[in-house]
Amino acid sequence: MSNSPNQSLANLVKNAGTVAFATLLSRILGFVRDMVTASYLGTSIYADAFFVAFRIPNLLRRLFGEGSLTSAFIPVFSSYLSVGKRDEARAIAQTAMTLASICLTIITLLGIVFSPLIISLIAPGFSATPEKYELAVFLNRIMFPYILLVSLVALAMGILNADGHFFIPALAPVLLNLCMIGAALGLSQILGNAALALAIGVLVGGLAQLLLQLPVLKKHGFPWCLRGNFRHPAIKRILILMGPSLLGLAITQITIFCNTLLASFLADGSISFLYFADRLIQFPLGVFAVALGTAVLPALSRAAAEKNWAEFSLNLSLALRLLIFITLPAMIGLMALSRPIVFLLFERGHFGPTSTTMVSQTIIAYATGLWAYAALRIIVPAFHSLQDTKTPVKIGALALLCNLISAFILMHFFHHLGLALATAIAGAVNCLLLIFALKQRLGRDVSIVGCGRALGQGFLATTAMVAAIQGLDFLPLIASDYQNHLREGLRLGLKITCGLFAYLACAHLLKSPELAELGNLRRRRRKRTGKP
């Protein structure tokens, strides 16, 4: 039975807040990890080799684990939970874990054997530097089992999310960051190779994440168990849904593959510039957009399974409105503060002023499409909740074509910045076409309300935020000189504080419902914990 609309909205905001809190902790540690990585590797050929080698298992993780498998699994799994068939849902979960283990083990073994071919395909420009090519192959072989471990983690997270548990799954990436930081600090001097130390940290981190999930799965009644009922109708349905979803995600990953391939022909460091910039762009996406997408998919899936279109509309509208409220200032803030952020986080050791300039410029190029990247985290799950995985594939193919054409043209004029701009353009095309398709798909059953008003209020509040940030530059004591990390950190903290205060004050004056909804979540948490 469905909850009341108000309860449903409260649950969505609460679950998104839980995921956001855990993800924020992970992202903060992720920045520490990147600071350590930048200090040890800089933007050298060793950094390029590590990032290419790490990108391949990460690409497959998004393709098989966090992507097609979970997006196909959660709607089907949720449909059994929503009608009380918990024992059958347990059998489905265990069968899915068994099948995933078998398939991913085969993929891992093939990846280790064919690593030289994979590196040649994804970074053909590396062949001009044999040391970089051989190191990338070696590191890729070490890290390839990560795809098996972290994809099983993603499936476990999907099971727990569908059952209403969000915190521990969202906390899992913390272990990866801790393991990579520990490996870099503890093993780099022993091994004489910081890239190798980081690769070992990746592998250990994947195992730690999986071990964290197993006790929680057992507590929720879904213990890890081999089960071979591969002919169950739900398994067949998951595999059917996975086909188009896999193809759609393959399009996304082909985009990343092509950008890496093209960047390998550019100057040394280009891949690293794109990597560090992308890591900063992923912060608001990971903390807010992914958190909302993670929370909204089970909620939309339950509503769609029950054909409760009123609840579906409420959840989808709230998710998009909250996304606008949070993402718009994050996008403009990153563009305005990109240089001091990069200086503070990364400029030390082998990461010098030139790298800071290059990465900060790349952030601005990427950030022009942040609104689209974020919206896709909500719109694509909306299609998946309707068990429609074909539409995102068709539109994704058009976006891929747009990215390839844009990247090939722009890289000749703007080098690595052209690749970042092409990604932003393709993301915007993908997002706008999917919004149009979703409106056509839902018809009159579902209405998305309040987004225009949220966008207008967000624009006004963001304008006030930028005025506050830029106004501080006119004060002599606040002007940046990029010489001292402590002073620059204090300046950046002051700018962020003033900008955030201006944004929230303006939103309050405009009586933003999204601000009120977030305030209600905070009050509910205080009441629950007994804090004043």
# chains A, B, ... in the order shown; residues from 1 in each chain; ligands from 1
call {"tool": "residues_around", "arguments": {"residues": "Ser264 (chain A)", "least_positions_apart": "4", "cutoff": "7 Å", "atoms": "only C-alpha atoms", "output": "ChimeraX atom specification"}}
result
/A:123-126,260,271
call {"tool": "write_last_selection", "arguments": {"atoms": "N, CA, C and O atoms", "output": "JSON list (two decimals), in the first residue's frame"}}
result
[["chain", "number", "residue", "atom", "x", "y", "z"],
["A", 123, "ALA", "N", 43.78, 4.20, -25.71],
["A", 123, "ALA", "CA", 44.78, 5.28, -25.71],
["A", 123, "ALA", "C", 45.87, 4.98, -26.74],
["A", 123, "ALA", "O", 47.02, 4.73, -26.38],
["A", 124, "PRO", "N", 45.50, 5.00, -28.02],
["A", 124, "PRO", "CA", 46.50, 4.65, -29.06],
["A", 124, "PRO", "C", 47.69, 5.59, -29.09],
["A", 124, "PRO", "O", 48.78, 5.21, -29.52],
["A", 125, "GLY", "N", 47.51, 6.82, -28.62],
["A", 125, "GLY", "CA", 48.62, 7.77, -28.61],
["A", 125, "GLY", "C", 49.74, 7.37, -27.66],
["A", 125, "GLY", "O", 50.85, 7.88, -27.77],
["A", 126, "PHE", "N", 49.43, 6.46, -26.72],
["A", 126, "PHE", "CA", 50.45, 6.01, -25.77],
["A", 126, "PHE", "C", 51.58, 5.23, -26.45],
["A", 126, "PHE", "O", 52.67, 5.09, -25.89],
["A", 260, "THR", "N", 38.94, 10.02, -24.30],
["A", 260, "THR", "CA", 40.26, 9.57, -23.84],
["A", 260, "THR", "C", 41.17, 9.27, -25.03],
["A", 260, "THR", "O", 42.35, 9.60, -25.04],
["A", 271, "ILE", "N", 45.15, 14.18, -20.53],
["A", 271, "ILE", "CA", 44.24, 13.23, -19.87],
["A", 271, "ILE", "C", 44.12, 13.57, -18.39],
["A", 271, "ILE", "O", 43.04, 13.50, -17.81]]
call {"tool": "closest_atom_pairs", "arguments": {"of": "region 188-249 of chain A", "to": "region 88-111 of chain A", "cutoff": "6 Å", "atoms": "only C-alpha atoms", "output": "CSV"}}
result
residue,atom,partner,partner_atom,distance
A:Phe222,CA,A:Arg90,CA,5.7
A:Cys225,CA,A:Gln94,CA,5.8
A:Leu226,CA,A:Thr98,CA,5.4
A:Arg227,CA,A:Thr95,CA,4.9
A:Gly228,CA,A:Thr95,CA,5.8
call {"tool": "residues_around", "arguments": {"residues": "Arg237 (chain A)", "least_positions_apart": "6", "cutoff": "9 Å", "atoms": "only C-alpha atoms", "output": "MDAnalysis selection string"}}
result
chainID A and resid 72:73 76
call {"tool": "write_last_selection", "arguments": {"atoms": "N, CA and C atoms", "output": "mmCIF file, in the first residue's frame"}}
result
data_model
loop_
_atom_site.group_PDB
_atom_site.id
_atom_site.type_symbol
_atom_site.label_atom_id
_atom_site.label_comp_id
_atom_site.auth_asym_id
_atom_site.auth_seq_id
_atom_site.Cartn_x
_atom_site.Cartn_y
_atom_site.Cartn_z
ATOM 1 N N ALA A 72 18.090 -2.133 -14.396
ATOM 2 C CA ALA A 72 17.126 -3.153 -14.810
ATOM 3 C C ALA A 72 16.618 -3.950 -13.610
ATOM 4 N N PHE A 73 17.486 -4.135 -12.615
ATOM 5 C CA PHE A 73 17.145 -4.974 -11.467
ATOM 6 C C PHE A 73 16.157 -4.293 -10.519
ATOM 7 N N VAL A 76 12.239 -4.266 -11.349
ATOM 8 C CA VAL A 76 11.657 -5.613 -11.281
ATOM 9 C C VAL A 76 11.632 -6.107 -9.843
#
call {"tool": "atom_distance", "arguments": {"atom1": "CA of Ala428 (chain A)", "atom2": "CA of Ala372 (chain A)"}}
result
5.2 Å
call {"tool": "residues_around", "arguments": {"residues": "Phe50 (chain A)", "least_positions_apart": "4", "cutoff": "7 Å", "atoms": "only C-alpha atoms", "output": "PyMOL selection string"}}
result
chain A and resi 46+54+136+139+195
call {"tool": "closest_residue", "arguments": {"among": "A:Ala454, A:Ile240, A:Ala162, A:Cys258", "to": "Arg321 (chain A)", "atoms": "only C-alpha atoms"}}
result
A:Ala454
call {"tool": "atom_distance", "arguments": {"atom1": "CA of His350 (chain A)", "atom2": "CA of Met411 (chain A)"}}
result
25.9 Å
call {"tool": "closest_residue", "arguments": {"among": "A:Ala502, A:Ile448, A:Leu178, A:Gln483", "to": "Pro353 (chain A)", "atoms": "only C-alpha atoms"}}
result
A:Gln483
call {"tool": "residues_around", "arguments": {"residues": "Ala467 (chain A)", "least_positions_apart": "4", "cutoff": "9 Å", "atoms": "only C-alpha atoms", "output": "ChimeraX atom specification"}}
result
/A:462-463,471-472,499,502
call {"tool": "write_last_selection", "arguments": {"atoms": "C-alpha atoms", "output": "CSV table (one decimal), in the first residue's frame"}}
result
chain,number,residue,atom,x,y,z
A,462,THR,CA,22.3,32.7,-7.9
A,463,THR,CA,22.8,36.2,-9.2
A,471,GLY,CA,32.2,41.9,-4.5
A,472,LEU,CA,34.8,40.4,-2.0
A,499,GLY,CA,28.0,33.3,-1.5
A,502,ALA,CA,23.4,35.4,-0.1
